[in-house]
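J.: Supplied structure: coords.csv, CSV, C-alpha atoms.
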```csv
chain,number,residue,atom,x,y,z
O,1,MET,CA,9.6,-37.6,-15.8
O,2,THR,CA,12.7,-38.8,-14.0
O,3,LYS,CA,12.4,-40.3,-10.5
O,4,PRO,CA,14.1,-37.3,-8.7
O,5,ILE,CA,11.9,-34.8,-10.5
O,6,GLN,CA,8.8,-36.9,-10.0
O,7,GLY,CA,9.6,-37.1,-6.3
O,8,PHE,CA,10.2,-33.4,-6.1
O,9,ALA,CA,6.9,-32.7,-7.8
O,10,LEU,CA,5.0,-35.0,-5.4
O,11,ALA,CA,6.7,-33.3,-2.4
O,12,LEU,CA,5.9,-29.9,-3.8
O,13,LEU,CA,2.2,-30.8,-4.3
O,14,ALA,CA,2.1,-32.2,-0.8
O,15,ALA,CA,3.6,-29.0,0.6
O,16,LEU,CA,1.1,-26.9,-1.3
O,17,ALA,CA,-1.8,-28.9,0.0
O,18,LEU,CA,-0.7,-28.0,3.6
O,19,LEU,CA,-0.7,-24.3,2.9
O,20,PRO,CA,-3.6,-22.2,4.0
O,21,PRO,CA,-6.2,-21.4,1.2
O,22,GLY,CA,-5.2,-18.7,-1.1
O,23,THR,CA,-1.4,-19.0,-0.6
O,24,ALA,CA,-0.9,-21.5,-3.5
O,25,GLY,CA,-2.0,-19.0,-6.2
O,26,GLU,CA,-5.7,-19.7,-5.9
O,27,PRO,CA,-8.0,-17.2,-4.3
O,28,ASP,CA,-9.4,-18.6,-1.0
O,29,ARG,CA,-13.0,-19.5,-0.5
O,30,ASP,CA,-13.8,-16.2,1.4
O,31,GLU,CA,-12.3,-14.1,-1.3
O,32,ARG,CA,-14.4,-15.9,-3.9
O,33,ALA,CA,-17.5,-15.5,-1.7
O,34,VAL,CA,-16.9,-11.8,-1.4
O,35,ALA,CA,-16.2,-11.4,-5.2
O,36,ALA,CA,-19.4,-13.4,-5.9
O,37,VAL,CA,-21.5,-10.9,-3.8
O,38,ILE,CA,-20.0,-7.9,-5.5
O,39,ASP,CA,-20.3,-9.4,-9.0
O,40,ASP,CA,-23.9,-10.4,-8.3
O,41,TRP,CA,-24.6,-6.9,-7.0
O,42,HIS,CA,-23.3,-5.4,-10.2
O,43,ALA,CA,-25.3,-8.0,-12.2
O,44,ALA,CA,-28.5,-7.1,-10.3
O,45,ALA,CA,-28.1,-3.5,-11.3
O,46,ALA,CA,-27.4,-4.4,-14.9
O,47,ALA,CA,-30.6,-6.5,-14.9
O,48,ALA,CA,-32.5,-3.8,-13.1
O,49,ASP,CA,-33.3,-6.3,-10.3
O,50,GLU,CA,-34.0,-3.9,-7.5
O,51,GLU,CA,-34.8,-6.5,-4.8
O,52,ARG,CA,-31.6,-8.4,-5.5
O,53,TYR,CA,-29.5,-5.3,-5.7
O,54,PHE,CA,-30.6,-3.8,-2.4
O,55,GLY,CA,-30.7,-7.2,-0.8
O,56,HIS,CA,-26.9,-7.2,-1.0
O,57,LEU,CA,-26.6,-4.1,1.2
O,58,THR,CA,-26.7,-4.0,5.0
O,59,ASP,CA,-29.6,-2.1,6.5
O,60,ASP,CA,-27.3,0.8,7.4
O,61,ALA,CA,-25.3,0.7,4.2
O,62,VAL,CA,-23.9,3.9,2.6
O,63,PHE,CA,-23.3,4.4,-1.1
O,64,LEU,CA,-20.9,7.2,-2.0
O,65,GLY,CA,-21.6,8.4,-5.6
O,66,THR,CA,-19.4,10.3,-8.0
O,67,ASP,CA,-20.9,13.7,-7.2
O,68,ALA,CA,-19.7,15.4,-4.0
O,69,THR,CA,-23.4,15.6,-2.8
O,70,GLU,CA,-23.9,11.8,-3.1
O,71,ARG,CA,-23.6,10.2,0.3
O,72,TRP,CA,-26.7,8.0,0.3
O,73,ARG,CA,-27.9,5.9,3.2
O,74,LYS,CA,-29.6,2.7,1.9
O,75,ASP,CA,-33.2,3.8,2.3
O,76,ARG,CA,-32.6,7.1,0.5
O,77,PHE,CA,-30.5,5.6,-2.2
O,78,ARG,CA,-33.2,3.1,-2.9
O,79,ALA,CA,-35.8,5.8,-3.1
O,80,TYR,CA,-33.5,7.7,-5.5
O,81,ALA,CA,-32.7,4.6,-7.6
O,82,HIS,CA,-36.2,3.1,-7.7
O,83,PRO,CA,-37.4,5.0,-10.8
O,84,TYR,CA,-34.4,3.7,-12.7
O,85,PHE,CA,-35.1,0.1,-11.6
O,86,ALA,CA,-38.8,0.5,-12.3
O,87,LYS,CA,-38.0,1.6,-15.9
O,88,ARG,CA,-35.7,-1.5,-16.2
O,89,LYS,CA,-32.8,0.9,-16.9
O,90,ALA,CA,-30.4,0.9,-14.0
O,91,TRP,CA,-26.6,1.0,-14.5
O,92,SER,CA,-24.0,-1.4,-15.7
O,93,PHE,CA,-20.6,-1.8,-13.9
O,94,ARG,CA,-18.2,-4.6,-14.7
O,95,SER,CA,-15.1,-5.2,-12.5
O,96,VAL,CA,-12.0,-5.6,-14.6
O,97,ARG,CA,-9.6,-5.8,-11.6
O,98,ARG,CA,-10.3,-6.3,-7.9
O,99,ALA,CA,-8.3,-6.7,-4.7
O,100,VAL,CA,-9.8,-8.0,-1.5
O,101,THR,CA,-8.4,-7.8,2.1
O,102,PHE,CA,-9.8,-9.3,5.2
O,103,SER,CA,-9.7,-8.3,8.9
O,104,ALA,CA,-7.7,-10.6,11.2
O,105,ASP,CA,-10.9,-12.3,12.4
O,106,GLY,CA,-12.3,-12.7,8.9
O,107,THR,CA,-15.6,-10.9,9.5
O,108,VAL,CA,-14.8,-7.7,7.5
O,109,ALA,CA,-13.6,-7.5,4.0
O,110,TRP,CA,-12.6,-4.3,2.1
O,111,PHE,CA,-11.9,-4.1,-1.6
O,112,ASP,CA,-11.1,-1.9,-4.4
O,113,GLU,CA,-11.9,-2.5,-8.1
O,114,ASP,CA,-11.4,-1.0,-11.5
O,115,LEU,CA,-14.7,-0.8,-13.4
O,116,ALA,CA,-15.7,-0.7,-17.0
O,117,THR,CA,-18.9,1.3,-17.4
O,118,PRO,CA,-20.7,2.2,-20.6
O,119,SER,CA,-22.1,5.5,-19.1
O,120,LEU,CA,-19.2,6.8,-17.0
O,121,GLY,CA,-16.2,5.4,-18.7
O,122,PRO,CA,-13.4,3.9,-16.5
O,123,CYS,CA,-14.2,4.1,-12.8
O,124,ARG,CA,-13.1,2.8,-9.5
O,125,GLY,CA,-15.1,1.3,-6.8
O,126,SER,CA,-14.1,0.5,-3.2
O,127,GLY,CA,-16.0,-0.7,-0.3
O,128,VAL,CA,-16.5,-2.7,2.9
O,129,LEU,CA,-18.4,-6.0,3.4
O,130,VAL,CA,-19.3,-7.5,6.7
O,131,LEU,CA,-20.0,-11.2,7.5
O,132,ALA,CA,-23.2,-11.6,9.5
O,133,GLY,CA,-24.9,-14.9,10.0
O,134,GLY,CA,-22.7,-16.5,7.4
O,135,VAL,CA,-23.7,-14.0,4.7
O,136,TRP,CA,-21.5,-11.3,3.2
O,137,LYS,CA,-23.3,-7.9,2.9
O,138,ILE,CA,-22.0,-4.6,1.5
O,139,ALA,CA,-21.9,-2.0,4.2
O,140,GLN,CA,-20.3,0.8,2.1
O,141,TYR,CA,-19.5,1.4,-1.5
O,142,ASN,CA,-17.6,4.3,-2.9
O,143,LEU,CA,-17.8,4.9,-6.7
O,144,SER,CA,-15.3,7.3,-8.2
O,145,VAL,CA,-14.4,8.5,-11.6
O,146,THR,CA,-10.6,8.3,-12.1
O,147,VAL,CA,-9.0,11.5,-13.3
O,148,PRO,CA,-5.7,11.4,-15.1
O,149,ASN,CA,-3.1,13.6,-13.4
O,150,SER,CA,-2.4,15.4,-16.6
O,151,VAL,CA,-5.9,17.0,-16.6
O,152,PHE,CA,-6.4,17.2,-12.8
O,153,ASP,CA,-5.9,21.0,-12.7
O,154,GLN,CA,-8.7,21.5,-15.1
O,155,VAL,CA,-11.0,19.2,-13.2
O,156,LYS,CA,-10.1,20.8,-9.9
O,157,ARG,CA,-11.2,24.2,-11.3
O,158,VAL,CA,-14.6,22.8,-12.2
O,159,ILE,CA,-15.3,21.1,-8.9
O,160,ALA,CA,-13.7,23.7,-6.6
O,161,GLY,CA,-16.0,24.6,-3.7
O,162,ALA,CA,-18.6,21.9,-4.2
O,163,PRO,CA,-19.7,20.8,-0.7
O,164,ALA,CA,-20.5,17.2,0.3
O,165,VAL,CA,-24.1,16.7,1.5
O,166,ASP,CA,-25.4,13.7,3.6
O,167,HIS,CA,-28.6,12.3,1.9
```
Rewrite the structure of this file - the entire thing - as C-alpha cells.
T.:
Amino acid sequence: MTKPIQGFALALLAALALLPPGTAGEPDRDERAVAAVIDDWHAAAAAADEERYFGHLTDDAVFLGTDATERWRKDRFRAYAHPYFAKRKAWSFRSVRRAVTFSADGTVAWFDEDLATPSLGPCRGSGVLVLAGGVWKIAQYNLSVTVPNSVFDQVKRVIAGAPAVDH
C-alpha cells in the first residue's frame, strides 16, 4: 500500500470510529439486542418452550394473528396456545429479512420482518418492543399472510365481511 493510500485508509478508519454505532454499516448494539429478542422468541416457539416464549411479551402485549378474529391479549393468547406448547408442537417462524426503527429516546422499537414458515408459507410479521428496566419486551406482534396482488380479488371475495373480534 502506498503512503498516500495508507494515510487515507487510516484517516477513513479513524473517521468511521467516530461515527455513532450503526452508521458504519454494522447494526448498532440496540438493533442487535432487539433482533436477539425477536429471534429467541421465534426459537422458543419452535422449541415449544412456553415460559421462554411468553416471557418475551409485556404483560399487556397483543398478538394479532392471520385470522380477522385473532386479536389476542397475552393471557388469552397463552391460554389458546398452551395446548400446542404442551404437546411440544408450537409453530416455526424464521426471519429472512428484518428492519428495525427506534423512537428518538431509544425506548421503543418497531420492526417488520419477512418470515419463512413451514405451515403458512411466506408471511410478514411486524411489531413493537419497549425497553423497560434495560430489557426489551414485545408489546405487540402482527402476523400476516402476504397475498400477491395478482390474486387479491379472489382472496377479497373469500374474506369479505369477516369482522374482527377482540379476544
J.: Identify, on the basis of all atoms listed in the file, every residue whose closest approach to Trp72 in chain O does not exceed 12 Å; exclude the query and any residue fewer than 6 positions from it along the same chain; express the result as a PyMOL selection string.
T.: chain O and resi 60-66+78-81+139-143+164-167
J.: Find the residues near Gly161 in chain O: any atom within 10 Å, counting all atoms listed in the file, skip ones fewer than 4 places away on the same chain, and give them as a ChimeraX atom specification.
T.: /O:68,156-157
J.: Please provide as a list in words all residues within 10 Å of range 121-126 of chain O, with the sequence filter that same-chain residues fewer than 4 positions apart are discarded (counting only C-alpha atoms).
T.: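 Skipping anything fewer than 4 positions along the chain leaves Leu64, Gly65, Thr66, Phe93, Arg94, Ser95, Val96, Arg97, Arg98, Ala99, Val100, Trp110, Phe111, Asp112, Glu113, Asp114, Leu115, Ala116, Thr117, Gln140, Tyr141, Asn142, Leu143, Ser144, Val145, Thr146 and Val147 of chain O.
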J.: Can you measure CA of Gly127 in chain O to CA of Ala33 in chain O for me? One decimal in Å is fine.
T.: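 Result for CA of Gly127 in chain O versus CA of Ala33 in chain O: 14.9 Å, one decimal.
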J.: Which residue is closest to His42 in chain O? Choose from O:Thr69, O:Thr58, O:Ser103, O:Ser92 and count only C-alpha atoms.
T.: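 Among the listed residues, the smallest separation from His42 in chain O belongs to O:Ser92.
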J.: Rounded to one decimal, what separation in Å do you get between CA of Ala109 in chain O and CA of Ala132 in chain O?
T.: 11.8 Å
J.: Between CA of Val108 in chain O and CA of Trp41 in chain O, what is the distance, to one decimal in Å?
T.: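 Here the two named atoms are 17.5 Å from each other.
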J.: Which residue, O:Lys87, O:Lys137, O:Val151, O:Asp59, has the smallest gap to Ala47 in chain O when you use only C-alpha atoms?
T.: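 Counting only C-alpha atoms, the residue closest to Ala47 in chain O is O:Lys87.
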